[in-house]
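Peer 1: File name start_1.cif; file contents mmCIF, N, CA and C atoms and all ligand atoms; full text below.
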```cif
data_query
#
loop_
_atom_site.label_atom_id
_atom_site.label_comp_id
_atom_site.auth_asym_id
_atom_site.auth_seq_id
_atom_site.Cartn_x
_atom_site.Cartn_y
_atom_site.Cartn_z
N MET B 1 -35.56 -1.21 -28.01
CA MET B 1 -35.27 -0.01 -27.23
C MET B 1 -35.28 -0.36 -25.74
N ASP B 2 -34.28 0.16 -25.01
CA ASP B 2 -34.28 -0.15 -23.59
C ASP B 2 -35.21 0.82 -22.85
N SER B 3 -35.53 0.49 -21.62
CA SER B 3 -36.51 1.28 -20.89
C SER B 3 -36.01 2.69 -20.60
N GLN B 4 -34.68 2.86 -20.45
CA GLN B 4 -34.15 4.18 -20.14
C GLN B 4 -34.43 5.18 -21.27
N SER B 5 -34.33 4.72 -22.51
CA SER B 5 -34.49 5.64 -23.63
C SER B 5 -35.93 6.12 -23.78
N HIS B 6 -36.88 5.51 -23.09
CA HIS B 6 -38.26 5.98 -23.17
C HIS B 6 -38.44 7.31 -22.44
N THR B 7 -37.58 7.60 -21.50
CA THR B 7 -37.81 8.76 -20.65
C THR B 7 -36.67 9.77 -20.67
N THR B 8 -35.67 9.55 -21.48
CA THR B 8 -34.53 10.45 -21.50
C THR B 8 -34.39 11.10 -22.87
N TRP B 9 -33.65 12.20 -22.89
CA TRP B 9 -33.37 12.87 -24.15
C TRP B 9 -32.34 12.05 -24.91
N ILE B 10 -32.58 11.88 -26.19
CA ILE B 10 -31.73 11.07 -27.04
C ILE B 10 -31.04 11.97 -28.05
N ASP B 11 -29.71 11.92 -28.08
CA ASP B 11 -28.93 12.72 -29.02
C ASP B 11 -29.11 12.13 -30.42
N VAL B 12 -29.60 12.96 -31.36
CA VAL B 12 -29.86 12.43 -32.70
C VAL B 12 -29.08 13.14 -33.81
N ALA B 13 -28.51 14.32 -33.51
CA ALA B 13 -27.85 15.04 -34.60
C ALA B 13 -27.02 16.19 -34.05
N ASP B 14 -26.04 16.60 -34.87
CA ASP B 14 -25.37 17.87 -34.65
C ASP B 14 -26.23 18.94 -35.32
N ALA B 15 -26.34 20.10 -34.68
CA ALA B 15 -27.18 21.16 -35.25
C ALA B 15 -26.77 21.50 -36.68
N ALA B 16 -25.48 21.39 -36.98
CA ALA B 16 -24.99 21.73 -38.32
C ALA B 16 -25.52 20.77 -39.39
N GLU B 17 -26.00 19.61 -38.97
CA GLU B 17 -26.55 18.64 -39.93
C GLU B 17 -27.94 19.03 -40.40
N ILE B 18 -28.58 19.98 -39.70
CA ILE B 18 -29.96 20.34 -40.03
C ILE B 18 -30.04 21.84 -40.27
N PRO B 19 -29.69 22.28 -41.48
CA PRO B 19 -29.76 23.71 -41.78
C PRO B 19 -31.21 24.21 -41.73
N ASP B 20 -31.36 25.52 -41.61
CA ASP B 20 -32.69 26.14 -41.57
C ASP B 20 -33.52 25.69 -42.77
N GLY B 21 -34.73 25.22 -42.49
CA GLY B 21 -35.63 24.80 -43.56
C GLY B 21 -35.47 23.36 -43.99
N CYS B 22 -34.53 22.67 -43.35
CA CYS B 22 -34.23 21.29 -43.75
C CYS B 22 -34.53 20.32 -42.61
N ALA B 23 -34.40 19.04 -42.92
CA ALA B 23 -34.66 18.01 -41.93
C ALA B 23 -33.61 16.91 -42.02
N LYS B 24 -33.48 16.19 -40.93
CA LYS B 24 -32.70 14.95 -40.92
C LYS B 24 -33.65 13.85 -40.49
N GLU B 25 -33.58 12.72 -41.18
CA GLU B 25 -34.38 11.56 -40.79
C GLU B 25 -33.56 10.70 -39.85
N VAL B 26 -34.13 10.37 -38.69
CA VAL B 26 -33.43 9.54 -37.72
C VAL B 26 -34.35 8.37 -37.34
N VAL B 27 -33.72 7.32 -36.85
CA VAL B 27 -34.48 6.16 -36.39
C VAL B 27 -34.21 6.00 -34.90
N VAL B 28 -35.28 5.99 -34.13
CA VAL B 28 -35.18 5.79 -32.68
C VAL B 28 -36.16 4.68 -32.31
N GLY B 29 -35.61 3.55 -31.90
CA GLY B 29 -36.48 2.42 -31.60
C GLY B 29 -37.31 2.06 -32.82
N GLN B 30 -38.61 2.01 -32.65
CA GLN B 30 -39.50 1.63 -33.76
C GLN B 30 -39.87 2.81 -34.65
N TRP B 31 -39.41 4.00 -34.30
CA TRP B 31 -39.86 5.20 -35.00
C TRP B 31 -38.85 5.71 -36.02
N VAL B 32 -39.36 6.08 -37.18
CA VAL B 32 -38.61 6.91 -38.13
C VAL B 32 -39.11 8.32 -37.90
N ILE B 33 -38.19 9.24 -37.61
CA ILE B 33 -38.58 10.58 -37.18
C ILE B 33 -37.87 11.62 -38.05
N ALA B 34 -38.64 12.60 -38.50
CA ALA B 34 -38.09 13.72 -39.26
C ALA B 34 -37.86 14.87 -38.29
N VAL B 35 -36.59 15.31 -38.18
CA VAL B 35 -36.24 16.41 -37.28
C VAL B 35 -35.95 17.64 -38.13
N PHE B 36 -36.80 18.66 -38.00
CA PHE B 36 -36.71 19.86 -38.82
C PHE B 36 -36.13 21.02 -38.03
N CYS B 37 -35.47 21.92 -38.77
CA CYS B 37 -35.08 23.22 -38.25
C CYS B 37 -35.89 24.28 -39.01
N ASP B 38 -36.51 25.17 -38.25
CA ASP B 38 -37.24 26.30 -38.84
C ASP B 38 -36.83 27.55 -38.09
N GLY B 39 -35.84 28.24 -38.62
CA GLY B 39 -35.29 29.39 -37.90
C GLY B 39 -34.60 28.94 -36.63
N ASP B 40 -35.06 29.47 -35.51
CA ASP B 40 -34.48 29.07 -34.23
C ASP B 40 -35.20 27.88 -33.61
N ASP B 41 -36.21 27.38 -34.29
CA ASP B 41 -37.04 26.31 -33.72
C ASP B 41 -36.72 24.96 -34.36
N TYR B 42 -36.86 23.93 -33.54
CA TYR B 42 -36.70 22.56 -34.03
C TYR B 42 -38.00 21.80 -33.77
N TYR B 43 -38.29 20.87 -34.69
CA TYR B 43 -39.49 20.05 -34.57
C TYR B 43 -39.12 18.61 -34.89
N ALA B 44 -39.78 17.69 -34.20
CA ALA B 44 -39.61 16.26 -34.49
C ALA B 44 -40.99 15.67 -34.72
N ILE B 45 -41.18 15.07 -35.89
CA ILE B 45 -42.49 14.57 -36.30
C ILE B 45 -42.29 13.20 -36.95
N ASP B 46 -43.29 12.34 -36.79
CA ASP B 46 -43.26 11.02 -37.41
C ASP B 46 -42.79 11.16 -38.86
N GLY B 47 -41.76 10.43 -39.23
CA GLY B 47 -41.15 10.58 -40.54
C GLY B 47 -41.85 9.84 -41.65
N MET B 48 -42.87 9.04 -41.32
CA MET B 48 -43.60 8.29 -42.34
C MET B 48 -45.02 8.85 -42.45
N CYS B 49 -45.35 9.37 -43.61
CA CYS B 49 -46.64 10.04 -43.82
C CYS B 49 -47.81 9.12 -43.51
N ALA B 50 -48.82 9.68 -42.84
CA ALA B 50 -50.01 8.91 -42.47
C ALA B 50 -50.81 8.45 -43.69
N HIS B 51 -50.58 9.07 -44.83
CA HIS B 51 -51.32 8.67 -46.03
C HIS B 51 -50.81 7.33 -46.56
N GLN B 52 -49.59 7.32 -47.08
CA GLN B 52 -49.05 6.06 -47.63
C GLN B 52 -47.58 5.89 -47.30
N GLY B 53 -47.15 6.53 -46.23
CA GLY B 53 -45.78 6.28 -45.76
C GLY B 53 -44.70 7.09 -46.44
N GLY B 54 -45.05 8.16 -47.09
CA GLY B 54 -44.06 9.00 -47.77
C GLY B 54 -43.05 9.58 -46.80
N PRO B 55 -41.87 9.95 -47.34
CA PRO B 55 -40.76 10.43 -46.51
C PRO B 55 -40.92 11.89 -46.11
N ILE B 56 -41.46 12.12 -44.92
CA ILE B 56 -41.74 13.48 -44.46
C ILE B 56 -40.47 14.33 -44.40
N ALA B 57 -39.33 13.73 -44.09
CA ALA B 57 -38.09 14.50 -43.98
C ALA B 57 -37.69 15.13 -45.31
N LYS B 58 -38.21 14.62 -46.41
CA LYS B 58 -37.90 15.20 -47.72
C LYS B 58 -38.91 16.27 -48.13
N GLY B 59 -39.85 16.59 -47.24
CA GLY B 59 -40.89 17.57 -47.55
C GLY B 59 -40.39 19.00 -47.43
N GLN B 60 -41.11 19.90 -48.11
CA GLN B 60 -40.81 21.33 -48.06
C GLN B 60 -41.60 21.99 -46.95
N LEU B 61 -41.02 23.03 -46.35
CA LEU B 61 -41.72 23.78 -45.31
C LEU B 61 -42.42 24.99 -45.91
N SER B 62 -43.54 25.34 -45.31
CA SER B 62 -44.26 26.56 -45.68
C SER B 62 -45.09 26.98 -44.48
N LYS B 63 -45.84 28.08 -44.64
CA LYS B 63 -46.67 28.58 -43.54
C LYS B 63 -48.14 28.30 -43.82
N THR B 64 -48.88 27.94 -42.78
CA THR B 64 -50.33 27.75 -42.92
C THR B 64 -51.01 29.11 -42.86
N ASP B 65 -52.34 29.10 -43.08
CA ASP B 65 -53.13 30.34 -42.97
C ASP B 65 -52.97 30.98 -41.61
N ARG B 66 -52.74 30.15 -40.60
CA ARG B 66 -52.60 30.66 -39.22
C ARG B 66 -51.15 31.02 -38.89
N GLY B 67 -50.28 30.97 -39.88
CA GLY B 67 -48.89 31.36 -39.66
C GLY B 67 -48.03 30.29 -39.03
N LEU B 68 -48.54 29.06 -38.99
CA LEU B 68 -47.78 27.97 -38.41
C LEU B 68 -46.97 27.27 -39.50
N THR B 69 -45.82 26.76 -39.11
CA THR B 69 -44.99 26.06 -40.09
C THR B 69 -45.55 24.67 -40.35
N CYS B 70 -45.66 24.35 -41.62
CA CYS B 70 -46.11 22.99 -41.97
C CYS B 70 -45.18 22.39 -43.00
N VAL B 71 -45.23 21.07 -43.10
CA VAL B 71 -44.43 20.33 -44.07
C VAL B 71 -45.38 19.70 -45.08
N THR B 72 -44.95 19.70 -46.32
CA THR B 72 -45.73 19.08 -47.39
C THR B 72 -45.08 17.76 -47.78
N CYS B 73 -45.81 16.67 -47.66
CA CYS B 73 -45.27 15.37 -48.04
C CYS B 73 -44.94 15.37 -49.54
N PRO B 74 -43.74 14.90 -49.90
CA PRO B 74 -43.34 14.96 -51.31
C PRO B 74 -44.10 13.99 -52.21
N TRP B 75 -44.80 13.03 -51.64
CA TRP B 75 -45.46 12.04 -52.51
C TRP B 75 -46.79 12.54 -53.06
N HIS B 76 -47.72 12.98 -52.22
CA HIS B 76 -49.04 13.39 -52.72
C HIS B 76 -49.50 14.72 -52.13
N GLY B 77 -48.64 15.41 -51.41
CA GLY B 77 -48.94 16.77 -51.02
C GLY B 77 -49.73 16.97 -49.73
N TRP B 78 -49.97 15.92 -48.97
CA TRP B 78 -50.61 16.15 -47.67
C TRP B 78 -49.70 17.05 -46.84
N GLN B 79 -50.35 17.93 -46.06
CA GLN B 79 -49.58 18.88 -45.26
C GLN B 79 -49.89 18.69 -43.77
N TYR B 80 -48.86 18.85 -42.96
CA TYR B 80 -48.99 18.69 -41.51
C TYR B 80 -48.31 19.86 -40.80
N GLU B 81 -48.99 20.35 -39.76
CA GLU B 81 -48.34 21.35 -38.90
C GLU B 81 -47.21 20.65 -38.14
N LEU B 82 -46.02 21.26 -38.18
CA LEU B 82 -44.87 20.61 -37.53
C LEU B 82 -45.04 20.52 -36.03
N ALA B 83 -45.63 21.52 -35.42
CA ALA B 83 -45.70 21.54 -33.95
C ALA B 83 -46.72 20.55 -33.40
N THR B 84 -47.73 20.22 -34.20
CA THR B 84 -48.83 19.41 -33.67
C THR B 84 -49.07 18.11 -34.42
N GLY B 85 -48.59 18.00 -35.65
CA GLY B 85 -48.89 16.84 -36.49
C GLY B 85 -50.28 16.88 -37.09
N ILE B 86 -50.97 18.01 -36.93
CA ILE B 86 -52.32 18.14 -37.47
C ILE B 86 -52.27 18.29 -38.99
N GLN B 87 -53.10 17.49 -39.67
CA GLN B 87 -53.22 17.56 -41.13
C GLN B 87 -54.03 18.80 -41.46
N THR B 88 -53.56 19.59 -42.42
CA THR B 88 -54.11 20.94 -42.59
C THR B 88 -55.46 20.95 -43.28
N VAL B 89 -55.88 19.87 -43.92
CA VAL B 89 -57.19 19.84 -44.59
C VAL B 89 -58.27 19.33 -43.65
N ASN B 90 -58.02 18.17 -43.02
CA ASN B 90 -59.08 17.61 -42.16
C ASN B 90 -58.90 17.99 -40.69
N HIS B 91 -57.80 18.68 -40.38
CA HIS B 91 -57.53 19.20 -39.04
C HIS B 91 -57.46 18.09 -37.98
N GLN B 92 -57.07 16.91 -38.39
CA GLN B 92 -56.89 15.81 -37.45
C GLN B 92 -55.39 15.63 -37.16
N PRO B 93 -55.05 15.25 -35.92
CA PRO B 93 -53.64 15.04 -35.57
C PRO B 93 -53.16 13.68 -36.07
N LEU B 94 -52.83 13.61 -37.36
CA LEU B 94 -52.50 12.32 -37.97
C LEU B 94 -51.05 11.90 -37.79
N GLN B 95 -50.16 12.87 -37.58
CA GLN B 95 -48.74 12.55 -37.42
C GLN B 95 -48.35 12.77 -35.96
N ARG B 96 -47.70 11.78 -35.37
CA ARG B 96 -47.22 11.96 -34.01
C ARG B 96 -46.06 12.95 -34.00
N VAL B 97 -45.99 13.76 -32.97
CA VAL B 97 -44.85 14.67 -32.79
C VAL B 97 -44.14 14.31 -31.49
N PHE B 98 -42.87 14.70 -31.41
CA PHE B 98 -42.02 14.33 -30.28
C PHE B 98 -41.36 15.58 -29.71
N PRO B 99 -41.12 15.60 -28.39
CA PRO B 99 -40.37 16.72 -27.81
C PRO B 99 -38.97 16.77 -28.40
N VAL B 100 -38.51 17.98 -28.70
CA VAL B 100 -37.17 18.16 -29.27
C VAL B 100 -36.55 19.40 -28.65
N ARG B 101 -35.23 19.38 -28.48
CA ARG B 101 -34.55 20.56 -27.94
C ARG B 101 -33.12 20.62 -28.49
N ARG B 102 -32.58 21.82 -28.48
CA ARG B 102 -31.18 22.00 -28.81
C ARG B 102 -30.41 22.14 -27.51
N SER B 103 -29.34 21.39 -27.38
CA SER B 103 -28.48 21.44 -26.20
C SER B 103 -27.06 21.69 -26.69
N GLY B 104 -26.62 22.95 -26.64
CA GLY B 104 -25.34 23.30 -27.25
C GLY B 104 -25.45 23.12 -28.75
N ASP B 105 -24.54 22.32 -29.31
CA ASP B 105 -24.59 22.06 -30.74
C ASP B 105 -25.32 20.76 -31.07
N ARG B 106 -25.91 20.14 -30.09
CA ARG B 106 -26.59 18.86 -30.31
C ARG B 106 -28.10 19.03 -30.32
N ILE B 107 -28.75 18.20 -31.11
CA ILE B 107 -30.21 18.14 -31.16
C ILE B 107 -30.64 16.85 -30.47
N GLU B 108 -31.58 16.99 -29.55
CA GLU B 108 -32.03 15.84 -28.77
C GLU B 108 -33.55 15.73 -28.88
N ILE B 109 -34.02 14.51 -28.88
CA ILE B 109 -35.46 14.28 -28.89
C ILE B 109 -35.81 13.30 -27.78
N ARG B 110 -37.07 13.26 -27.44
CA ARG B 110 -37.56 12.31 -26.44
C ARG B 110 -38.68 11.49 -27.07
N VAL B 111 -38.60 10.22 -26.87
CA VAL B 111 -39.62 9.31 -27.41
C VAL B 111 -40.22 8.58 -26.23
N ASP B 112 -41.35 9.06 -25.76
CA ASP B 112 -42.03 8.42 -24.65
C ASP B 112 -43.09 7.48 -25.22
N GLU B 113 -42.95 6.23 -24.88
CA GLU B 113 -43.93 5.24 -25.42
C GLU B 113 -45.29 5.42 -24.78
S1 LIG B 201 -47.72 9.44 -48.77
FE1 LIG B 201 -47.72 11.46 -48.01
S2 LIG B 201 -49.28 12.45 -49.11
FE2 LIG B 201 -49.36 10.40 -49.80
#
```
What does this structure look like when you write it as C-alpha cells?
Ligand code: FES
Peer 2:
Amino acid sequence: MDSQSHTTWIDVADAAEIPDGCAKEVVVGQWVIAVFCDGDDYYAIDGMCAHQGGPIAKGQLSKTDRGLTCVTCPWHGWQYELATGIQTVNHQPLQRVFPVRRSGDRIEIRVDE
C-alpha cells in the first residue's frame, strides 16, 4: 500500500453492489474488509473473524439488545456490533472498524494505519 492510501478515501464499491442487509468483501492493502449496508447506513469492519478467521461478509445482520446492528459470523456465531467491532458477549472491541461513506453512487472507506 502506498502512503497516500493511508489517509485518503478509497473507492471500494458501487452502492448497487451492496443491497440493504448485505455486504461486499474488499481487500485494501493488508486488510480484508466487510462493507455492509444497513438501511441508509454503511459500515466497514474487519472481514476476518477474531475467533478463527471466519468470513464476516457472509454473516447475517440483526439488532442487539441496545438496538445496534450486529453481524453474526457464519462459522461459530460470534456477534459483533458493526459500528464499533465490539463482541456482544464479552463486550470487547475485537474487530477493527473503518470509516466509510457514500459519495454519490460510490462507497468509500479509509484505512489509516
Ligand atoms: S470464526 Fe467467527 S465465530 Fe468462529
Peer 1: Could you list, as a tab-separated table (two decimals) with N, CA and C atoms, keeping the file's coordinate frame, all protein and nucleic acid residues with an atom at most 6 Å from ligand LIG 201 (chain B), counting all atoms listed in the file?
Peer 2:
```tsv
chain	number	residue	atom	x	y	z
B	49	CYS	N	-45.35	9.37	-43.61
B	49	CYS	CA	-46.64	10.04	-43.82
B	49	CYS	C	-47.81	9.12	-43.51
B	50	ALA	N	-48.82	9.68	-42.84
B	50	ALA	CA	-50.01	8.91	-42.47
B	50	ALA	C	-50.81	8.45	-43.69
B	51	HIS	N	-50.58	9.07	-44.83
B	51	HIS	CA	-51.32	8.67	-46.03
B	51	HIS	C	-50.81	7.33	-46.56
B	52	GLN	N	-49.59	7.32	-47.08
B	52	GLN	CA	-49.05	6.06	-47.63
B	52	GLN	C	-47.58	5.89	-47.30
B	53	GLY	N	-47.15	6.53	-46.23
B	53	GLY	CA	-45.78	6.28	-45.76
B	53	GLY	C	-44.70	7.09	-46.44
B	54	GLY	N	-45.05	8.16	-47.09
B	54	GLY	CA	-44.06	9.00	-47.77
B	54	GLY	C	-43.05	9.58	-46.80
B	73	CYS	N	-45.81	16.67	-47.66
B	73	CYS	CA	-45.27	15.37	-48.04
B	73	CYS	C	-44.94	15.37	-49.54
B	74	PRO	N	-43.74	14.90	-49.90
B	74	PRO	CA	-43.34	14.96	-51.31
B	74	PRO	C	-44.10	13.99	-52.21
B	75	TRP	N	-44.80	13.03	-51.64
B	75	TRP	CA	-45.46	12.04	-52.51
B	75	TRP	C	-46.79	12.54	-53.06
B	76	HIS	N	-47.72	12.98	-52.22
B	76	HIS	CA	-49.04	13.39	-52.72
B	76	HIS	C	-49.50	14.72	-52.13
B	77	GLY	N	-48.64	15.41	-51.41
B	77	GLY	CA	-48.94	16.77	-51.02
B	77	GLY	C	-49.73	16.97	-49.73
B	78	TRP	N	-49.97	15.92	-48.97
B	78	TRP	CA	-50.61	16.15	-47.67
B	78	TRP	C	-49.70	17.05	-46.84
```
Peer 1: Rank B:Val89, B:Ile10, B:Met48, B:Ile56 by their smallest atom-to-atom distance to B:Val32, using only N, CA and C atoms, and report the top residue only.
Peer 2: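 Ranked by minimum distance to B:Val32, first place goes to B:Met48.
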Peer 1: So how many Å separate atom CA of B:Asp41 and atom CA of B:Glu17, to one decimal?
Peer 2: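 Going from atom CA of B:Asp41 over to atom CA of B:Glu17 covers 14.4 Å.
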Peer 1: Which value, in Å to one decimal, gives the distance between atom CA of B:Ala15 and atom CA of B:Ile33?
Peer 2: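 A separation of 15.7 Å between them.
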Peer 1: Which residue out of B:Ile86, B:Val100, B:Val111, B:Cys22 has the minimum interatomic distance to B:Tyr42 when all atoms listed in the file are used?
Peer 2: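 Using all atoms listed in the file, the shortest distance to B:Tyr42 belongs to B:Val100.
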Peer 1: If you run DSSP over the backbone, which residues in chain B end up strand (DSSP E or B)? Put them as a PyMOL selection string.
Peer 2: chain B and resi 10-14+23-28+31-38+41-46+48+55+60-63+69-72+79-81+86-87+93+97-98+100-103+106-109
Peer 1: Any idea what the distance is between atom C of B:Thr88 and atom CA of B:Gly59?
Peer 2: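 Interatomic distance here is 15.6 Å.
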Peer 1: Just checking: using all atoms listed in the file, which residue out of B:Lys58, B:Asp65, B:Asp40, B:His91 ends up closest to B:Lys24?
Peer 2: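 Looking at the shortest contact to B:Lys24, the residue is B:Lys58.
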Peer 1: Might you pull out every residue within 8 Å of B:Asp11, with only N, CA and C atoms counted and same-chain residues fewer than 3 positions away left off, and present them as a PyMOL selection string?
Peer 2: chain B and resi 8+14+106-110
Peer 1: I'd like to know which residues of chain B are helix (DSSP H, G or I) (by DSSP, run on the backbone); could you write them as an NGL selection string?
Peer 2: :B and (3-6 or 15-17 or 56-58)
